[in-house]
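Student: There's a structure below that I have some questions on.
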Amino acid sequence: MDQRFQKEMEQLKVKVLQMAAYTDRALERALAAIANRDAELARQVIDSDRDINAMECEVDNLSLRLLALDQPVAMDLRFIVSSMRMVVDLERIGDEAVNIAEQAVLLAQLPAMSNLPDLNSLGSQVTDMYRLGVRSFRDQDPELARQVCAADSVADDLNMKVLKECMDAGAGEGGLNGLDRAIRTVIVARSMERIGDLSTNIAEACIFVVKGVSVKHHCQPF
Amino acid sequence: MTTPLKMSARNLDFYYGDFKALHAVNLDVRTNEVTALIGPSGCGKSTFLRCLNRMNDLIDIARVEGELLLDGQDIYKGGMDVVELRRRVGMVFQKPNPFPKTIFENVAYGLRVNGSSDNAFIAGQVEKSLKQAALWNEVKDRLHTNALGLSGGQQQRLCIARALAVEPEILLMDEPASALDPIATQKIEELIHELKEDLTIIIVTHSMQQAARVSDMTAFFYMGKLIEMDQTETIFTRPANKQTEDYITGRFG
């Protein structure tokens with residue numbers, strides 16, 4: 001087959017995975033900033049978002065070029081279309097990491113409160129989902145992807161648990177600061193839950209590439 | 001909605017002497033659909049196409065086994081009038097091959113061969129066919145000039161008009177645009193879309209994009225075998241067979 005096309009397809013995959021690595025670092029740092037009340041680390045996450053955005057544009061440009069010049073079909077076509085979708089999800093995960101980091105900056109200024117829920121479980125859950133989703137895409141492994149889809153309900157439940165605990169804590173001691181902190185914790189949990197959803201999208205993209213069926217919104221069984 | 005079957009190959013084998021060029025091909029063509037035959041050179045797609053109106057009869061060492069049904073009747077069984085068969089199943093070739101006659105006489109040729117002598121009828125059919133072939137506006141003022149003066153794209157549309165004049169039910173097209181520039185190719189492809197309202201079309205093409213653009217069904221041939229046939233959209237987005245996938249993505253052939 002056309003070696004240039006093959007090479008550019010490899011290049012596309014590498015660029016998507018590079019972007020995924022950048023997004024992974026942003027997510028990891030945002031969660032660490034929350035856990036350690038580290039405003040400086042949070043600011044680094046906010047600043048680094050432009051790199052992720054720039055990579056999305058690079059992938060878009062390369063994908064358009066491949067579509068226009070090579071008119072790919074079958075798995076090649078599905079891979080390019082999925083890459084274009086996947087970078088939108090990665091960019092949004094990057095945005096959610098920024099949202100978390102912005103809350104981390106503000107939360108670091110508020111006094112710590114022991115009665116607020118621990119976000120570590122939810123953070124770990126969505127980080128695992130994200131990494132597994134990216135791995136399923138990298139290895140073209142629909143079985144891994146299926147595990148990510150199945151794990152989404154766990155993230156949803158953990159989010160609801162945080163929400164409930166925050167409502168209880170906000171209504172309790174701590175005054176205005178306590179309420180502020182509770183609300184911001186809910187916002188962070190909501191961003192984490194969205195990262196879980198977006199990781200599910202990435203896993204669905206892997207299934208689409210390998211199996212040729214869309215499992216979004218339960219369109220087709222797999 | 002599925003349309004009725006027009007042609008069906010049933011366990012069709014084809015031999016050039018001792019060489020078996022087609023192996024047990026089972027393929028259905030439906031009325032008013034465009035079926036594209038794709039595959040690498042030598043895979044048997046043109047041989048198969050030529051079986052459909054017995055063009056291979058012209059080759060001494062050619063032999064057919066199995067059945068080829070047109071509206072349920074086997075075209076290789078006794079009683080089939082080959083001239084009538086070729087009127088019902090017309091053909092357009094890779095290179096435009098107009099006769100060294102006027103544009104009018106090229107289109108009228110089939111009608112005259114079929115015994116028609118009513119000039120008014122012939123003139124009507126010539127105009128109708130040239131219009132169907134989207135050539136009328138370009139040639140209506142020079143119908144009695146030599147057809148060899150037309151451009152390549154116009155010559156090919158003239159050959160399509162010539163095939164249409166005898167009102168075939170099926171049109172076989174063997175790489176009809178491979179010798180044409182992109183604009184002329186586009187005109188042929190638009191024509192295919194329009195003609196399928198009235199006809200059943202079977203087209204051999206080496207251009208995967210062309211197959212994707214013009215056909216409803218696509219059949220992939222490899223080494224004389226029909227490997228996979230499905231809706232064109234399915235073949236080009238999620239083919240079931242690895243060989244089909246490898247061929248259409250350019251990994252072999």
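As shown in the structure tokens, the chain order sets the letters A, B, ...; within each chain, residues go from 1, and ligands are also counted from 1 in the order they appear.
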Select, as a list in words, those residues of chain A with any atom no more than 7 Å from chain B (distances computed using only C-alpha atoms).
Tutor: Met1, Pro72, Val73, Ala74 and Gly212 of chain A
Student: If you count only C-alpha atoms, which residues fall within 12 Å of Glu8 of chain A, apart from same-chain ones fewer than 2 positions away, as a PyMOL selection string?
Tutor: chain A and resi 2-6+10-15+59+61-67+69-70+76+80
Student: Thr2 of chain B: which residues within 12 Å, counting only C-alpha atoms, same-chain residues fewer than 4 positions away excluded, as an NGL selection string?
Tutor: :B and (6 or 28-33 or 216-217 or 231)
Student: Write out as number ranges by chain which residues come within 6 Å of segment 196-207 of chain A when counting only C-alpha atoms, dropping same-chain ones fewer than 4 positions away.
Tutor: A: 82, 86, 89, 126, 130, 133, 137, 142, 145, 148-149, 211
Student: For those residues, write all heavy atoms to a file as a compact mmCIF listing (two decimals), in the first residue's frame.
Tutor:
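Written out: result01.txt:
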```txt
# COMPACT_ATOMS: atom_id res chain seq x y z
N SER A 82 -12.63 8.47 14.25
CA SER A 82 -12.56 8.29 15.70
C SER A 82 -11.49 9.17 16.33
O SER A 82 -11.67 9.68 17.43
CB SER A 82 -12.27 6.83 16.05
OG SER A 82 -13.33 6.04 15.60
N MET A 86 -12.05 11.70 19.17
CA MET A 86 -11.32 11.47 20.42
C MET A 86 -10.61 12.72 20.89
O MET A 86 -10.58 13.02 22.09
CB MET A 86 -10.33 10.32 20.22
CG MET A 86 -9.64 9.93 21.50
SD MET A 86 -8.78 8.38 21.29
CE MET A 86 -7.61 8.49 22.62
N ASP A 89 -12.84 14.91 22.79
CA ASP A 89 -13.02 14.42 24.17
C ASP A 89 -11.79 14.73 25.02
O ASP A 89 -11.91 15.12 26.18
CB ASP A 89 -13.30 12.91 24.16
CG ASP A 89 -14.67 12.60 23.56
OD1 ASP A 89 -15.59 13.42 23.74
OD2 ASP A 89 -14.81 11.55 22.90
N VAL A 126 -12.03 7.84 38.03
CA VAL A 126 -12.09 8.41 36.67
C VAL A 126 -10.70 8.42 36.02
O VAL A 126 -10.60 8.30 34.79
CB VAL A 126 -12.74 9.82 36.64
CG1 VAL A 126 -14.17 9.73 37.13
CG2 VAL A 126 -11.95 10.85 37.40
N TYR A 130 -10.04 6.77 32.51
CA TYR A 130 -9.38 7.53 31.43
C TYR A 130 -8.21 6.73 30.86
O TYR A 130 -8.07 6.57 29.65
CB TYR A 130 -8.90 8.89 31.97
CG TYR A 130 -8.04 9.62 30.97
CD1 TYR A 130 -8.60 10.21 29.85
CD2 TYR A 130 -6.65 9.69 31.14
CE1 TYR A 130 -7.81 10.85 28.91
CE2 TYR A 130 -5.86 10.34 30.21
CZ TYR A 130 -6.44 10.91 29.09
OH TYR A 130 -5.66 11.53 28.16
N GLY A 133 -9.31 3.73 28.93
CA GLY A 133 -9.90 4.15 27.65
C GLY A 133 -8.82 4.45 26.63
O GLY A 133 -8.89 3.98 25.48
N PHE A 137 -7.78 2.35 23.11
CA PHE A 137 -7.61 2.99 21.80
C PHE A 137 -6.22 2.67 21.25
O PHE A 137 -6.07 2.32 20.08
CB PHE A 137 -7.81 4.50 21.94
CG PHE A 137 -7.78 5.23 20.62
CD1 PHE A 137 -8.92 5.32 19.84
CD2 PHE A 137 -6.61 5.83 20.17
CE1 PHE A 137 -8.90 6.01 18.63
CE2 PHE A 137 -6.59 6.50 18.96
CZ PHE A 137 -7.74 6.59 18.19
N PRO A 142 -11.11 -3.86 22.19
CA PRO A 142 -12.49 -3.57 22.57
C PRO A 142 -12.90 -4.15 23.92
O PRO A 142 -13.83 -3.65 24.55
CB PRO A 142 -13.31 -4.19 21.43
CG PRO A 142 -12.42 -5.10 20.71
CD PRO A 142 -11.01 -4.68 20.97
N ALA A 145 -12.08 -1.61 26.37
CA ALA A 145 -13.04 -0.52 26.16
C ALA A 145 -14.36 -0.84 26.86
O ALA A 145 -14.97 0.02 27.50
CB ALA A 145 -13.25 -0.29 24.67
N VAL A 148 -14.32 -0.04 30.46
CA VAL A 148 -14.47 1.39 30.76
C VAL A 148 -15.95 1.77 30.77
O VAL A 148 -16.43 2.45 31.69
CB VAL A 148 -13.72 2.26 29.72
CG1 VAL A 148 -13.92 3.74 30.00
CG2 VAL A 148 -12.24 1.92 29.72
N CYS A 149 -16.66 1.30 29.73
CA CYS A 149 -18.10 1.62 29.64
C CYS A 149 -18.83 1.11 30.89
O CYS A 149 -19.69 1.80 31.44
CB CYS A 149 -18.71 1.00 28.39
SG CYS A 149 -17.99 1.64 26.86
N LYS A 211 -14.62 -2.73 15.72
CA LYS A 211 -15.80 -3.55 15.36
C LYS A 211 -16.65 -2.93 14.25
O LYS A 211 -17.50 -3.61 13.67
CB LYS A 211 -16.69 -3.75 16.60
CG LYS A 211 -15.99 -4.40 17.78
CD LYS A 211 -16.14 -5.89 17.70
CE LYS A 211 -15.66 -6.52 19.00
NZ LYS A 211 -15.56 -7.97 18.89
```
Student: From a backbone DSSP assignment, name each residue in segment 40-112 of chain B labelled strand (DSSP E or B), as a list of chain:residue names.
Tutor: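 The strand (DSSP E or B) residues within segment 40-112 of chain B come out as B:Ala62, B:Arg63, B:Val64, B:Glu65, B:Gly66, B:Glu67, B:Leu68, B:Leu69, B:Leu70, B:Gln73, B:Asp74, B:Val89, B:Gly90, B:Met91, B:Val92, B:Thr102.
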Student: With C-alpha atoms retained, export the selected residues as a PDB file, in the first residue's frame.
Tutor:
```pdb
ATOM      1  CA  ALA B  62     -14.540 -20.299 -23.396  1.00  0.00           C
ATOM      2  CA  ARG B  63     -16.899 -22.561 -21.434  1.00  0.00           C
ATOM      3  CA  VAL B  64     -19.563 -21.820 -18.832  1.00  0.00           C
ATOM      4  CA  GLU B  65     -20.972 -24.114 -16.141  1.00  0.00           C
ATOM      5  CA  GLY B  66     -23.713 -23.356 -13.668  1.00  0.00           C
ATOM      6  CA  GLU B  67     -26.661 -21.065 -14.235  1.00  0.00           C
ATOM      7  CA  LEU B  68     -27.101 -17.446 -15.206  1.00  0.00           C
ATOM      8  CA  LEU B  69     -30.690 -16.394 -14.841  1.00  0.00           C
ATOM      9  CA  LEU B  70     -32.249 -13.321 -16.438  1.00  0.00           C
ATOM     10  CA  GLN B  73     -34.571 -17.837 -17.426  1.00  0.00           C
ATOM     11  CA  ASP B  74     -31.132 -19.369 -17.920  1.00  0.00           C
ATOM     12  CA  VAL B  89     -28.486  -6.583 -21.830  1.00  0.00           C
ATOM     13  CA  GLY B  90     -26.535  -3.724 -23.415  1.00  0.00           C
ATOM     14  CA  MET B  91     -22.865  -3.008 -22.925  1.00  0.00           C
ATOM     15  CA  VAL B  92     -20.515  -0.035 -22.798  1.00  0.00           C
ATOM     16  CA  THR B 102     -22.505  10.223 -38.143  1.00  0.00           C
TER      17      THR B 102
END
```
Student: For Ala108 of chain A, list every protein, DNA or RNA residue within 8 Å, evaluated using only C-alpha atoms, and leave out those in the same chain fewer than 6 positions away; present the list as a list in words.
Tutor: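 Listed by chain and then number, they are Ile34, Arg37, Asp38 and Ala39 of chain A.
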